[in-house]
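Chemist: Take a look at this one; I'll ask things after.
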Amino acid sequence: MAELVWISGASGGIGRALVESVPWPSARIIGISRSAAAGSEHLAADLTDPAGWDDVDASFRRELAAYEGDRVVFIHAAGTLEPMGFAGEVDTASYRRNVMLNAAAPQVLGHMFLAAAAHCGGARRHLVILTSGAARSVYPGWSSYGAAKAAVDQWVRNVGAEQELRGGTQVLAVAPGTVDTGMQAQIRATAEDDFPQRQKFLDLHEAGKLTPPAQAAAKTWRLLDAGLPNGSVVDLRDLPA
Ligand SMILES: NC(=O)c1ccc[n+]([C@@H]2O[C@H](COP(=O)([O-])OP(=O)(O)OC[C@H]3O[C@@H](n4cnc5c(N)ncnc54)[C@H](OP(=O)(O)O)[C@@H]3O)[C@@H](O)[C@H]2O)c1
């Protein structure tokens, strides 16, 4: 198989759109999520749980051990806004899961992918992590989400610089804009007391200004061969459609 692609969050939203638009017809696609993902082999994993990370690591190592194809890709799109609400007020177990999935999983899974792919020097290697404008803007109700995305951005800048020194994997963070997925529906369904900026997202939805997932996915795939500096943090809204 020429190309080997892992996509987390493959069962819905942007992850599913990425699965549906992989630009290489011969690619083997492994989708990672808790529920089944159409269009790909399914690796069932709860990425709030380090045991789930180990299952993904086992897949990276197993599939890349003797890999001799052209290109390996891991896109980490899994993420959650739950629980939307203020720190100190939301459920603690849910808050801990948010931190594990949004902040810890990208770094540890990213590290695991780099290690497993390190010997695949004959292949183009790409690690892409979905980030958000919430890494820079303040949104009361999204404390751990915003902090996690800021961590993703800085992790990508550092690791991109490291990989540049090694001639290794291309590492990118991609902020997709405001995309019409289940995550946006969750925002609209949240009480304003828990997420005071909800109206902004209701207005964007009402005005038909949400980006279709397929458009975000197509732009993301184009970035892989765009010659970006390693460690780039890219906002898809800055790119032409
Ligand atoms: N939509 C937007 O406007 C927007 C804006 C900025 C950034 N983003 C980022 O883009 C990425 C994708 O967002 P989206 O809008 O497509 O989200 P979504 O529609 O809510 O889909 C989330 C995906 O993540 C998976 N997931 C959630 N919890 C998981 C867990 N514990 N273990 C494994 N997989 C899990 C879900 O699968 P299962 O439930 O089956 O596990 C699903 O496939 C996220 O990183 C998000 O932060 C989105």
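Labels for the structure tokens follow display order: chains A, B, ..., residues from 1 in each chain, ligands from 1.
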List as a PyMOL selection string the protein and nucleic acid residues lying within 6 Å of ligand 1, with only C-alpha atoms and all ligand atoms counted.

Modeler: chain A and resi 9-15+33-35+45-48+77-80+130-132+175-184

Chemist: Once you count only C-alpha atoms, what closest atom pair and distance in Å to one decimal does each residue of region 63-137 of chain A within 12 Å of region 189-200 of chain A have, with rows by chain and rising residue number, as a Markdown table?

Modeler:
```
| residue | atom | partner | partner_atom | distance |
| --- | --- | --- | --- | --- |
| A:Leu81 | CA | A:Thr190 | CA | 10.6 |
| A:Glu82 | CA | A:Thr190 | CA | 10.1 |
| A:Pro83 | CA | A:Asp194 | CA | 9.3 |
| A:Met84 | CA | A:Asp194 | CA | 6.2 |
| A:Gly85 | CA | A:Asp194 | CA | 4.2 |
| A:Phe86 | CA | A:Asp194 | CA | 6.4 |
| A:Ala87 | CA | A:Asp194 | CA | 10.1 |
| A:Gly88 | CA | A:Asp194 | CA | 11.8 |
| A:Glu89 | CA | A:Asp194 | CA | 9.2 |
| A:Val90 | CA | A:Asp194 | CA | 9.0 |
| A:Ser137 | CA | A:Gln197 | CA | 11.6 |
```

Chemist: Return as a list in words the full set of residues in region 116-212 of chain A whose backbone-based DSSP assignment is strand (DSSP E or B).

Modeler: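 Everything in region 116-212 of chain A that counts as strand (DSSP E or B) is Arg124, Arg125, His126, Leu127, Val128, Ile129, Leu130, Gln170, Val171, Leu172, Ala173, Val174, Ala175, Val179 and Thr211 of chain A.
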
Chemist: I need the residues from that last selection saved to file as a PDB file, in the first residue's frame (with C-alpha atoms), if you can.

Modeler:
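Final output, saved to again-v8.pdb:
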```pdb
ATOM      1  CA  ARG A 124       6.979  11.519   3.372  1.00  0.00           C
ATOM      2  CA  ARG A 125       5.728  11.752   6.954  1.00  0.00           C
ATOM      3  CA  HIS A 126       3.052  14.140   8.222  1.00  0.00           C
ATOM      4  CA  LEU A 127       1.626  14.782  11.682  1.00  0.00           C
ATOM      5  CA  VAL A 128      -1.332  17.198  11.726  1.00  0.00           C
ATOM      6  CA  ILE A 129      -3.184  18.225  14.892  1.00  0.00           C
ATOM      7  CA  LEU A 130      -6.463  20.136  14.839  1.00  0.00           C
ATOM      8  CA  GLN A 170       6.318  17.502   8.903  1.00  0.00           C
ATOM      9  CA  VAL A 171       4.345  18.724  11.951  1.00  0.00           C
ATOM     10  CA  LEU A 172       1.427  21.147  11.550  1.00  0.00           C
ATOM     11  CA  ALA A 173      -1.383  22.568  13.681  1.00  0.00           C
ATOM     12  CA  VAL A 174      -4.517  23.427  11.735  1.00  0.00           C
ATOM     13  CA  ALA A 175      -7.312  25.674  13.018  1.00  0.00           C
ATOM     14  CA  VAL A 179     -17.184  24.274  10.934  1.00  0.00           C
ATOM     15  CA  THR A 211     -17.802  26.146   6.947  1.00  0.00           C
TER      16      THR A 211
END
```

Chemist: Residues at most 12 Å from Arg166 (chain A), counting only C-alpha atoms, excluding those fewer than 4 positions away in the same chain, as a short mmCIF file (atom, residue, chain, number, x, y, z; two decimals) with C-alpha atoms, in the first residue's frame?

Modeler:
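As written to disk, part.cif reads:
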```cif
data_model
loop_
_atom_site.label_atom_id
_atom_site.label_comp_id
_atom_site.auth_asym_id
_atom_site.auth_seq_id
_atom_site.Cartn_x
_atom_site.Cartn_y
_atom_site.Cartn_z
CA LEU A 114 7.02 10.31 15.53
CA ALA A 118 11.25 7.61 12.69
CA HIS A 119 12.75 4.80 10.62
CA GLY A 121 12.99 7.82 6.07
CA VAL A 159 8.34 19.66 17.72
CA GLY A 160 8.29 21.08 14.20
CA ALA A 161 11.62 22.77 14.97
CA GLU A 162 12.98 19.48 16.32
CA GLN A 170 6.32 17.50 8.90
CA ASN A 230 7.84 22.78 9.81
#
```

Chemist: One decimal, in Å: what's the spacing between CA of Arg61 (chain A) and CA of Val108 (chain A)?

Modeler: 14.3 Å

Chemist: Per DSSP on the backbone, filter region 6-215 of chain A down to the residues in helix (DSSP H, G or I) and report them as an mmCIF file with C-alpha atoms, in the first residue's frame.

Modeler:
```cif
data_model
loop_
_atom_site.group_PDB
_atom_site.id
_atom_site.type_symbol
_atom_site.label_atom_id
_atom_site.label_comp_id
_atom_site.auth_asym_id
_atom_site.auth_seq_id
_atom_site.Cartn_x
_atom_site.Cartn_y
_atom_site.Cartn_z
ATOM 1 C CA GLY A 13 -17.422 16.055 11.883
ATOM 2 C CA ILE A 14 -14.119 17.103 10.363
ATOM 3 C CA GLY A 15 -12.498 13.706 10.976
ATOM 4 C CA ARG A 16 -15.158 11.934 8.955
ATOM 5 C CA ALA A 17 -14.834 14.520 6.163
ATOM 6 C CA LEU A 18 -11.077 13.919 6.152
ATOM 7 C CA VAL A 19 -11.664 10.161 5.795
ATOM 8 C CA GLU A 20 -14.058 10.801 2.902
ATOM 9 C CA PRO A 50 -4.000 6.333 28.390
ATOM 10 C CA ALA A 51 -4.895 2.688 27.670
ATOM 11 C CA GLY A 52 -6.497 3.967 24.456
ATOM 12 C CA TRP A 53 -3.275 5.800 23.584
ATOM 13 C CA ASP A 54 -1.381 2.527 24.005
ATOM 14 C CA ASP A 55 -3.755 0.807 21.567
ATOM 15 C CA VAL A 56 -3.048 3.509 19.001
ATOM 16 C CA ASP A 57 0.702 3.222 19.652
ATOM 17 C CA ALA A 58 0.487 -0.532 19.048
ATOM 18 C CA SER A 59 -1.190 0.169 15.704
ATOM 19 C CA PHE A 60 1.498 2.726 14.729
ATOM 20 C CA ARG A 61 4.283 0.300 15.578
ATOM 21 C CA ARG A 62 2.675 -2.760 14.022
ATOM 22 C CA GLU A 63 1.863 -1.071 10.726
ATOM 23 C CA LEU A 64 5.067 0.954 10.392
ATOM 24 C CA THR A 92 -14.646 17.172 37.843
ATOM 25 C CA ALA A 93 -14.515 13.790 36.077
ATOM 26 C CA SER A 94 -15.758 15.387 32.857
ATOM 27 C CA TYR A 95 -13.227 18.230 33.198
ATOM 28 C CA ARG A 96 -10.433 15.678 33.650
ATOM 29 C CA ARG A 97 -11.531 13.854 30.469
ATOM 30 C CA ASN A 98 -11.437 17.173 28.579
ATOM 31 C CA VAL A 99 -7.847 17.789 29.719
ATOM 32 C CA MET A 100 -6.806 14.250 28.820
ATOM 33 C CA LEU A 101 -8.330 14.303 25.332
ATOM 34 C CA ASN A 102 -7.583 17.871 24.270
ATOM 35 C CA ALA A 103 -4.271 18.624 25.991
ATOM 36 C CA ALA A 104 -2.539 15.349 26.853
ATOM 37 C CA ALA A 105 -3.554 13.015 24.016
ATOM 38 C CA PRO A 106 -2.211 15.187 21.145
ATOM 39 C CA GLN A 107 1.237 15.408 22.708
ATOM 40 C CA VAL A 108 1.536 11.762 23.703
ATOM 41 C CA LEU A 109 -0.008 10.361 20.510
ATOM 42 C CA GLY A 110 2.104 12.786 18.472
ATOM 43 C CA HIS A 111 5.230 11.582 20.249
ATOM 44 C CA MET A 112 4.209 7.951 19.661
ATOM 45 C CA PHE A 113 3.659 8.562 15.948
ATOM 46 C CA LEU A 114 7.019 10.308 15.532
ATOM 47 C CA ALA A 115 8.790 7.433 17.276
ATOM 48 C CA ALA A 116 7.066 4.756 15.207
ATOM 49 C CA ALA A 117 7.649 6.641 11.940
ATOM 50 C CA GLY A 133 -8.829 30.060 17.360
ATOM 51 C CA ALA A 134 -9.757 29.410 21.009
ATOM 52 C CA ALA A 135 -6.013 28.945 21.577
ATOM 53 C CA SER A 143 -11.104 27.102 29.899
ATOM 54 C CA SER A 144 -9.531 23.673 29.446
ATOM 55 C CA TYR A 145 -10.386 23.564 25.725
ATOM 56 C CA GLY A 146 -8.646 26.885 25.025
ATOM 57 C CA ALA A 147 -5.688 25.997 27.212
ATOM 58 C CA ALA A 148 -5.344 22.659 25.455
ATOM 59 C CA LYS A 149 -5.359 24.217 21.994
ATOM 60 C CA ALA A 150 -2.733 26.764 23.102
ATOM 61 C CA ALA A 151 -0.652 23.816 24.298
ATOM 62 C CA VAL A 152 -1.115 22.080 20.947
ATOM 63 C CA ASP A 153 0.110 25.171 19.102
ATOM 64 C CA GLN A 154 3.259 25.504 21.180
ATOM 65 C CA TRP A 155 3.920 21.748 21.077
ATOM 66 C CA VAL A 156 3.696 21.853 17.284
ATOM 67 C CA ARG A 157 6.067 24.852 17.054
ATOM 68 C CA ASN A 158 8.655 23.114 19.217
ATOM 69 C CA VAL A 159 8.343 19.664 17.716
ATOM 70 C CA GLY A 160 8.290 21.080 14.200
ATOM 71 C CA ALA A 161 11.624 22.770 14.968
ATOM 72 C CA GLU A 162 12.983 19.477 16.317
ATOM 73 C CA GLN A 163 11.860 17.527 13.269
ATOM 74 C CA GLU A 164 13.381 20.144 10.994
ATOM 75 C CA LEU A 165 16.745 19.496 12.681
ATOM 76 C CA ARG A 166 16.303 15.752 12.123
ATOM 77 C CA GLY A 182 -21.756 18.113 15.987
ATOM 78 C CA MET A 183 -19.436 20.283 18.074
ATOM 79 C CA GLN A 184 -21.155 23.442 16.788
ATOM 80 C CA ALA A 185 -24.579 21.907 17.523
ATOM 81 C CA GLN A 186 -23.383 21.279 21.084
ATOM 82 C CA ILE A 187 -22.393 24.949 21.418
ATOM 83 C CA ARG A 188 -25.835 26.124 20.269
ATOM 84 C CA ARG A 198 -23.228 31.322 22.612
ATOM 85 C CA GLN A 199 -25.153 34.000 20.679
ATOM 86 C CA LYS A 200 -22.169 34.606 18.391
ATOM 87 C CA PHE A 201 -22.362 30.979 17.262
ATOM 88 C CA LEU A 202 -26.156 31.048 16.970
ATOM 89 C CA ASP A 203 -25.762 34.084 14.680
ATOM 90 C CA LEU A 204 -23.096 32.418 12.521
ATOM 91 C CA HIS A 205 -25.348 29.386 12.122
ATOM 92 C CA GLU A 206 -28.410 31.500 11.391
ATOM 93 C CA PRO A 213 -16.693 19.974 6.906
ATOM 94 C CA ALA A 214 -15.762 18.873 3.373
ATOM 95 C CA GLN A 215 -14.272 22.308 2.662
#
```

Chemist: Rounded to one decimal in Å, what is the spacing between CA of Val73 (chain A) and CA of Leu224 (chain A)?

Modeler: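 Separating CA of Val73 (chain A) from CA of Leu224 (chain A) is a distance of 9.4 Å.
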
Chemist: What's the separation between CA of Tyr139 (chain A) and CA of Asp49 (chain A), in Å to one decimal place?

Modeler: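 A separation of 26.1 Å between them.
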
Chemist: Taking into account only C-alpha atoms, which residue in the set A:Gly39, A:Ile29, A:Pro23, A:Cys120 is nearest to Ala66 (chain A)?

Modeler: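 Distance minimum relative to Ala66 (chain A) lands on A:Cys120.
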
Chemist: Write out as a VMD selection string each polymer residue whose atoms come within 8 Å of Trp6 (chain A), counting only C-alpha atoms; drop sequence neighbours fewer than 4 positions from it.

Modeler: chain A and resid 29 to 32 73 to 75
